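**Q** One structure, pasted below without further comment.
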2 protein chains.
Amino acid sequence: MLLLKLRERLLSLGFFEFHRLFSQFALLTKSNCYNGSIPFWSFNNNMTKEFILTMKEQLLDLAKKRRSIYALGRNVDQTPDEIASLIKENIKWAPTPFNNQTTRAVILFGANHEKLWDIVAKRLKSEVPTEEAYQKTLNKINGFKAAFGTVMFYTDTDVVRRFENDFALYADNFADWSEQAQGNAQFAVWTSLAENGIGANLQHYNPLIDDEVREAFGIPAHWNLRAQLDFGSIEGPAGEKEFMDDADRFKVLK
Amino acid sequence: MLLLKLRERLLSLGFFEFHRLFSQFALLTKSNCYNGSIPFWSFNNNMTKEFILTMKEQLLDLAKKRRSIYALGRNVDQTPDEIASLIKENIKWAPTPFNNQTTRAVILFGANHEKLWDIVAKRLKSEVPTEEAYQKTLNKINGFKAAFGTVMFYTDTDVVRRFENDFALYADNFADWSEQAQGNAQFAVWTSLAENGIGANLQHYNPLIDDEVREAFGIPAHWNLRAQLDFGSIEGPAGEKEFMDDADRFKVLK
């Protein structure tokens with residue numbers, strides 16, 4: 001019961017609150033040589049009230065950790081299996097309209113991850129006008145290749161079409177909704193990796209690379225590539241995030 | 001069991017927090033003050049190792065709390081200002097391609113929230129074939145109206161068009177990317193509300209209601225309504241979530 005209370009308390013605490021708890025705890029242990037009989041979680045009323053009234057910001061804190069990291073490496077503590085498992089779980093729990101589960105993922109590590117970025121490099125050769133411009137592009141792509149792995153996000157267009165047929169009233173929406181579902185899944189995966197100290201950035205070399213990638217990795221023809229999230233150890237900080245004025249994008253009508 | 005739960009909770013704390021906690025606990029256990037009656041911090045080496053190697057699942061745990069809740073009420077502890085502030089912060093930190101910040105939000109409470117669902121009810125009257133069908137629809141909409149508030153998610157089409165013009169190479173993508181950005185923001189807001197014990201469900205009565213809503217709430221003509229997230233106290237559980245086979249949607253290539 002006591003541990004349950006502690007558990008609840010820990011659950012409800014954000015970063016700063018946690019440190020406040022800890023300093024309380026530290027005080028108790030210093031002053032009383034805490035012997036287990038003093039319930040250190042029995043906060044005074046003011047603290048309790050403050051805890052209850054403040055919004056919990058665990059998700060927001062994680063969202064703030066999710067940034068575009070371009071300096072990625074392979075100093076990753078976790079195994080490919082552990083990472084892949086987390087990615088899959090996140091995608092499974094991300095919502096889709098009508099629970100139609102349109103999002104697919106191909107998770108690449110090692111030589112397969114490198115192969116993807118080689119395909120991108122080769123494909124861009126014919127797109128970039130000068131050798132000088134290509135060297136710049138190549139440097140960028142080698143940065144992605146230096147990462148630990150890549151999640152290729154796909155949408156199953158067969159499923160989208162089936163719902164367009166089955167729910168004619170909403171037929172115009174399923175393509176857009178599958179993109180929103182992509183966002184749900186991408187955000188969850190990206191943020192979950194960030195939580196684990198794994199940096200990432202999201203690229204969109206589709207549709208340029210679609211055919212080569214489909215052939216290289218045996219991707220079904222009805223899977224449509226939407227984004228590539230390359231990830232790895234964080235070898236350099238994210239840039240400053242800039243925000244437009246709140247007044248230009250939010251209205252609160254009470 | 002309690003220790004397992006505590007362990008889960010500790011795992012869900014951030015990396016640095018955990019290590020600070022751990023080093024403090026380690027100090028305590030070394031000192032003579034603590035008599036060991038509740039030795040929950042005396043991890044052995046294997047446990048420590050396991051903590052470090054296991055993926056953190058704070059985000060995934062929150063994602064699992066984010067479900068479609070249809071039985072919503074107004075027994076909400078937090079104030080509209082607190083809720084609106086959390087929603088805005090989440091949208092601000094959700095990523096957009098080129099950081100073009102296309103997502104807008106109108107957050108409705110009280111009479112304005114009710115007005116939205118009255119508009120939906122009125123608008124659907126002409127869409128639903130029979131009085132019996134309309135009563136069913138009306139019951140559903142009254143469920144949304146019974147909630148505490150609604151976030152209307154918009155996309156600023158002026159910004160989308162500006163990026164289509166300024167980055168001609170990617171012109172075909174910005175509309176889709178704005179939808180993915182919608183997903184990022186919707187997922188973050190929905191999950192963050194769930195973290196705070198506030199249930200929600202996501203509706204798409206656009207484009208049917210766009211004109212009436214624009215007029216009722218003074219929405220700029222270039223904001224395009226994408227979704228309506230109504231939220232409130234959780235008055236009934238979510239349904240069972242069904243999952244397709246992993247093998248049909250994931251490939252891991254190591």
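Residue names in the structure tokens use chain letters A, B, ... in the order shown, residue numbers from 1 in each chain, and ligand numbers from 1 in the order shown.
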Quick one: residues within 12 Å of segment 236-238 of chain A, only C-alpha atoms counted, chain neighbours fewer than 2 positions away excluded, as a PyMOL selection string?
**A** chain A and resi 64-73+143+194+197-201+232-234+240-242
**Q** Can those selected residues be exported to a file as a PDB file, in the first residue's frame so that it contains N, CA and C atoms?
**A**
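The new file again-v6.pdb reads:
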ATOM      1  N   LYS A  64       9.300  17.597 -26.441  1.00  0.00           N
ATOM      2  CA  LYS A  64      10.364  18.606 -26.558  1.00  0.00           C
ATOM      3  C   LYS A  64      11.726  17.965 -26.834  1.00  0.00           C
ATOM      4  N   LYS A  65      11.867  16.710 -26.416  1.00  0.00           N
ATOM      5  CA  LYS A  65      13.123  15.982 -26.702  1.00  0.00           C
ATOM      6  C   LYS A  65      13.178  15.540 -28.160  1.00  0.00           C
ATOM      7  N   ARG A  66      12.005  15.418 -28.784  1.00  0.00           N
ATOM      8  CA  ARG A  66      11.941  14.959 -30.178  1.00  0.00           C
ATOM      9  C   ARG A  66      12.325  16.095 -31.119  1.00  0.00           C
ATOM     10  N   ARG A  67      13.540  16.101 -31.586  1.00  0.00           N
ATOM     11  CA  ARG A  67      13.988  17.161 -32.482  1.00  0.00           C
ATOM     12  C   ARG A  67      14.652  16.521 -33.704  1.00  0.00           C
ATOM     13  N   SER A  68      14.881  17.335 -34.738  1.00  0.00           N
ATOM     14  CA  SER A  68      15.625  16.832 -35.901  1.00  0.00           C
ATOM     15  C   SER A  68      17.108  16.833 -35.566  1.00  0.00           C
ATOM     16  N   ILE A  69      17.677  15.648 -35.457  1.00  0.00           N
ATOM     17  CA  ILE A  69      19.108  15.502 -35.175  1.00  0.00           C
ATOM     18  C   ILE A  69      19.775  15.022 -36.457  1.00  0.00           C
ATOM     19  N   TYR A  70      20.708  15.809 -36.955  1.00  0.00           N
ATOM     20  CA  TYR A  70      21.355  15.440 -38.216  1.00  0.00           C
ATOM     21  C   TYR A  70      22.705  14.772 -37.999  1.00  0.00           C
ATOM     22  N   ALA A  71      23.346  15.054 -36.860  1.00  0.00           N
ATOM     23  CA  ALA A  71      24.633  14.409 -36.563  1.00  0.00           C
ATOM     24  C   ALA A  71      24.358  13.107 -35.813  1.00  0.00           C
ATOM     25  N   LEU A  72      24.223  12.039 -36.592  1.00  0.00           N
ATOM     26  CA  LEU A  72      23.848  10.745 -36.025  1.00  0.00           C
ATOM     27  C   LEU A  72      24.990   9.747 -36.177  1.00  0.00           C
ATOM     28  N   GLY A  73      25.121   8.856 -35.191  1.00  0.00           N
ATOM     29  CA  GLY A  73      26.160   7.831 -35.251  1.00  0.00           C
ATOM     30  C   GLY A  73      25.631   6.472 -34.857  1.00  0.00           C
ATOM     31  N   GLY A 143      25.655  11.551 -44.283  1.00  0.00           N
ATOM     32  CA  GLY A 143      25.247  11.794 -42.894  1.00  0.00           C
ATOM     33  C   GLY A 143      24.120  10.853 -42.477  1.00  0.00           C
ATOM     34  N   ALA A 194      13.542   9.271 -29.151  1.00  0.00           N
ATOM     35  CA  ALA A 194      14.164  10.388 -28.412  1.00  0.00           C
ATOM     36  C   ALA A 194      14.191  10.094 -26.917  1.00  0.00           C
ATOM     37  N   GLY A 197      17.137   8.266 -25.931  1.00  0.00           N
ATOM     38  CA  GLY A 197      18.429   8.856 -26.254  1.00  0.00           C
ATOM     39  C   GLY A 197      18.870   8.619 -27.688  1.00  0.00           C
ATOM     40  N   ILE A 198      17.923   8.195 -28.529  1.00  0.00           N
ATOM     41  CA  ILE A 198      18.237   7.939 -29.936  1.00  0.00           C
ATOM     42  C   ILE A 198      17.705   9.103 -30.774  1.00  0.00           C
ATOM     43  N   GLY A 199      18.613   9.765 -31.483  1.00  0.00           N
ATOM     44  CA  GLY A 199      18.225  10.906 -32.311  1.00  0.00           C
ATOM     45  C   GLY A 199      17.712  10.444 -33.665  1.00  0.00           C
ATOM     46  N   ALA A 200      17.013  11.320 -34.365  1.00  0.00           N
ATOM     47  CA  ALA A 200      16.456  10.960 -35.676  1.00  0.00           C
ATOM     48  C   ALA A 200      16.143  12.206 -36.482  1.00  0.00           C
ATOM     49  N   ASN A 201      16.029  12.027 -37.790  1.00  0.00           N
ATOM     50  CA  ASN A 201      15.489  13.090 -38.641  1.00  0.00           C
ATOM     51  C   ASN A 201      14.637  12.439 -39.714  1.00  0.00           C
ATOM     52  N   GLY A 232      19.896   7.223 -34.882  1.00  0.00           N
ATOM     53  CA  GLY A 232      21.164   6.722 -34.343  1.00  0.00           C
ATOM     54  C   GLY A 232      21.553   7.499 -33.099  1.00  0.00           C
ATOM     55  N   SER A 233      22.801   7.300 -32.668  1.00  0.00           N
ATOM     56  CA  SER A 233      23.263   8.024 -31.481  1.00  0.00           C
ATOM     57  C   SER A 233      23.358   9.514 -31.810  1.00  0.00           C
ATOM     58  N   ILE A 234      23.132  10.326 -30.805  1.00  0.00           N
ATOM     59  CA  ILE A 234      23.124  11.781 -30.988  1.00  0.00           C
ATOM     60  C   ILE A 234      24.558  12.299 -30.893  1.00  0.00           C
ATOM     61  N   GLU A 240      18.180  25.474 -32.969  1.00  0.00           N
ATOM     62  CA  GLU A 240      17.171  26.204 -32.209  1.00  0.00           C
ATOM     63  C   GLU A 240      15.821  26.025 -32.894  1.00  0.00           C
ATOM     64  N   LYS A 241      14.762  25.795 -32.127  1.00  0.00           N
ATOM     65  CA  LYS A 241      13.430  25.674 -32.738  1.00  0.00           C
ATOM     66  C   LYS A 241      12.748  27.031 -32.722  1.00  0.00           C
ATOM     67  N   GLU A 242      12.269  27.443 -33.878  1.00  0.00           N
ATOM     68  CA  GLU A 242      11.614  28.756 -33.949  1.00  0.00           C
ATOM     69  C   GLU A 242      10.101  28.593 -33.964  1.00  0.00           C
TER      70      GLU A 242
END
**Q** Just asking: which residues within segment 60-240 of chain A are strand (DSSP E or B) according to DSSP, as an mmCIF file with N, CA and C atoms, in the first residue's frame?
**A**
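Result file states_34.cif:
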data_model
loop_
_atom_site.group_PDB
_atom_site.id
_atom_site.type_symbol
_atom_site.label_atom_id
_atom_site.label_comp_id
_atom_site.auth_asym_id
_atom_site.auth_seq_id
_atom_site.Cartn_x
_atom_site.Cartn_y
_atom_site.Cartn_z
ATOM 1 N N SER A 68 14.881 17.335 -34.738
ATOM 2 C CA SER A 68 15.625 16.832 -35.901
ATOM 3 C C SER A 68 17.108 16.833 -35.566
ATOM 4 N N LEU A 72 24.223 12.039 -36.592
ATOM 5 C CA LEU A 72 23.848 10.745 -36.025
ATOM 6 C C LEU A 72 24.990 9.747 -36.177
ATOM 7 N N GLY A 73 25.121 8.856 -35.191
ATOM 8 C CA GLY A 73 26.160 7.831 -35.251
ATOM 9 C C GLY A 73 25.631 6.472 -34.857
ATOM 10 N N THR A 103 -0.943 2.091 -41.914
ATOM 11 C CA THR A 103 0.495 2.352 -41.871
ATOM 12 C C THR A 103 1.310 1.048 -41.856
ATOM 13 N N ARG A 104 2.346 1.032 -42.670
ATOM 14 C CA ARG A 104 3.286 -0.097 -42.735
ATOM 15 C C ARG A 104 4.675 0.435 -42.427
ATOM 16 N N ALA A 105 5.576 -0.447 -41.996
ATOM 17 C CA ALA A 105 6.942 0.023 -41.752
ATOM 18 C C ALA A 105 7.954 -1.045 -42.119
ATOM 19 N N VAL A 106 9.021 -0.596 -42.744
ATOM 20 C CA VAL A 106 10.172 -1.458 -43.028
ATOM 21 C C VAL A 106 11.345 -0.860 -42.256
ATOM 22 N N ILE A 107 11.868 -1.636 -41.327
ATOM 23 C CA ILE A 107 12.907 -1.120 -40.429
ATOM 24 C C ILE A 107 14.243 -1.713 -40.852
ATOM 25 N N LEU A 108 15.158 -0.836 -41.206
ATOM 26 C CA LEU A 108 16.436 -1.267 -41.785
ATOM 27 C C LEU A 108 17.593 -1.050 -40.815
ATOM 28 N N PHE A 109 18.462 -2.037 -40.719
ATOM 29 C CA PHE A 109 19.696 -1.921 -39.938
ATOM 30 C C PHE A 109 20.870 -2.398 -40.803
ATOM 31 N N GLY A 149 20.206 3.195 -38.227
ATOM 32 C CA GLY A 149 19.129 2.487 -38.921
ATOM 33 C C GLY A 149 18.137 3.471 -39.514
ATOM 34 N N THR A 150 17.166 2.938 -40.253
ATOM 35 C CA THR A 150 16.135 3.783 -40.872
ATOM 36 C C THR A 150 14.781 3.079 -40.794
ATOM 37 N N VAL A 151 13.768 3.835 -40.445
ATOM 38 C CA VAL A 151 12.394 3.332 -40.573
ATOM 39 C C VAL A 151 11.808 3.907 -41.855
ATOM 40 N N MET A 152 11.418 3.045 -42.769
ATOM 41 C CA MET A 152 10.688 3.512 -43.948
ATOM 42 C C MET A 152 9.199 3.353 -43.658
ATOM 43 N N PHE A 153 8.490 4.481 -43.664
ATOM 44 C CA PHE A 153 7.045 4.465 -43.405
ATOM 45 C C PHE A 153 6.282 4.344 -44.720
ATOM 46 N N TYR A 154 5.395 3.383 -44.768
ATOM 47 C CA TYR A 154 4.560 3.151 -45.943
ATOM 48 C C TYR A 154 3.076 3.264 -45.592
ATOM 49 N N THR A 155 2.267 3.518 -46.651
ATOM 50 C CA THR A 155 0.807 3.411 -46.521
ATOM 51 C C THR A 155 0.333 2.306 -47.456
ATOM 52 N N ASP A 156 -0.515 1.436 -46.946
ATOM 53 C CA ASP A 156 -1.068 0.360 -47.770
ATOM 54 C C ASP A 156 -2.231 0.923 -48.584
ATOM 55 N N ILE A 198 17.923 8.195 -28.529
ATOM 56 C CA ILE A 198 18.237 7.939 -29.936
ATOM 57 C C ILE A 198 17.705 9.103 -30.774
ATOM 58 N N GLY A 199 18.613 9.765 -31.483
ATOM 59 C CA GLY A 199 18.225 10.906 -32.311
ATOM 60 C C GLY A 199 17.712 10.444 -33.665
ATOM 61 N N ALA A 200 17.013 11.320 -34.365
ATOM 62 C CA ALA A 200 16.456 10.960 -35.676
ATOM 63 C C ALA A 200 16.143 12.206 -36.482
ATOM 64 N N ASN A 201 16.029 12.027 -37.790
ATOM 65 C CA ASN A 201 15.489 13.090 -38.641
ATOM 66 C C ASN A 201 14.637 12.439 -39.714
ATOM 67 N N LEU A 202 13.641 13.172 -40.190
ATOM 68 C CA LEU A 202 12.656 12.589 -41.118
ATOM 69 C C LEU A 202 12.893 13.122 -42.528
ATOM 70 N N GLN A 203 13.110 12.212 -43.457
ATOM 71 C CA GLN A 203 13.356 12.590 -44.852
ATOM 72 C C GLN A 203 12.222 12.112 -45.750
ATOM 73 N N TRP A 223 2.229 -0.927 -51.401
ATOM 74 C CA TRP A 223 2.734 -0.105 -50.300
ATOM 75 C C TRP A 223 3.345 1.162 -50.898
ATOM 76 N N ASN A 224 2.902 2.304 -50.394
ATOM 77 C CA ASN A 224 3.337 3.596 -50.926
ATOM 78 C C ASN A 224 4.252 4.291 -49.908
ATOM 79 N N LEU A 225 5.486 4.522 -50.306
ATOM 80 C CA LEU A 225 6.480 5.100 -49.390
ATOM 81 C C LEU A 225 6.119 6.548 -49.052
ATOM 82 N N ARG A 226 6.068 6.868 -47.756
ATOM 83 C CA ARG A 226 5.680 8.209 -47.326
ATOM 84 C C ARG A 226 6.811 8.988 -46.659
ATOM 85 N N ALA A 227 7.731 8.308 -45.961
ATOM 86 C CA ALA A 227 8.809 9.030 -45.269
ATOM 87 C C ALA A 227 9.887 8.053 -44.822
ATOM 88 N N GLN A 228 11.077 8.594 -44.586
ATOM 89 C CA GLN A 228 12.206 7.796 -44.097
ATOM 90 C C GLN A 228 12.757 8.472 -42.840
ATOM 91 N N LEU A 229 12.693 7.755 -41.738
ATOM 92 C CA LEU A 229 13.211 8.285 -40.468
ATOM 93 C C LEU A 229 14.539 7.588 -40.179
ATOM 94 N N ASP A 230 15.646 8.317 -40.371
ATOM 95 C CA ASP A 230 16.915 7.668 -40.026
ATOM 96 C C ASP A 230 17.287 8.054 -38.603
ATOM 97 N N PHE A 231 17.863 7.103 -37.886
ATOM 98 C CA PHE A 231 18.059 7.289 -36.441
ATOM 99 C C PHE A 231 19.399 6.708 -36.001
ATOM 100 N N GLY A 232 19.896 7.223 -34.882
ATOM 101 C CA GLY A 232 21.164 6.722 -34.343
ATOM 102 C C GLY A 232 21.553 7.499 -33.099
ATOM 103 N N SER A 233 22.801 7.300 -32.668
ATOM 104 C CA SER A 233 23.263 8.024 -31.481
ATOM 105 C C SER A 233 23.358 9.514 -31.810
ATOM 106 N N ILE A 234 23.132 10.326 -30.805
ATOM 107 C CA ILE A 234 23.124 11.781 -30.988
ATOM 108 C C ILE A 234 24.558 12.299 -30.893
#
**Q** Provide as a list in words the residues of chain B at most 6 Å from chain A, counting only C-alpha atoms.
**A** Leu6, Cys33, Tyr34, Asn35, Lys56, Leu59, Arg104, Ala105, Val106, Ile107, Leu108, Phe109, Gly110, Glu179, Gln180, Ala181, Gln182, Gly183, Asn184, Phe187, Ser192, Asn196, Arg249, Phe250, Lys251, Val252, Leu253 and Lys254 of chain B
**Q** Can you measure atom CA of Phe98 of chain B to atom CA of Asp245 of chain A for me? One decimal in Å is fine.
**A** 16.9 Å
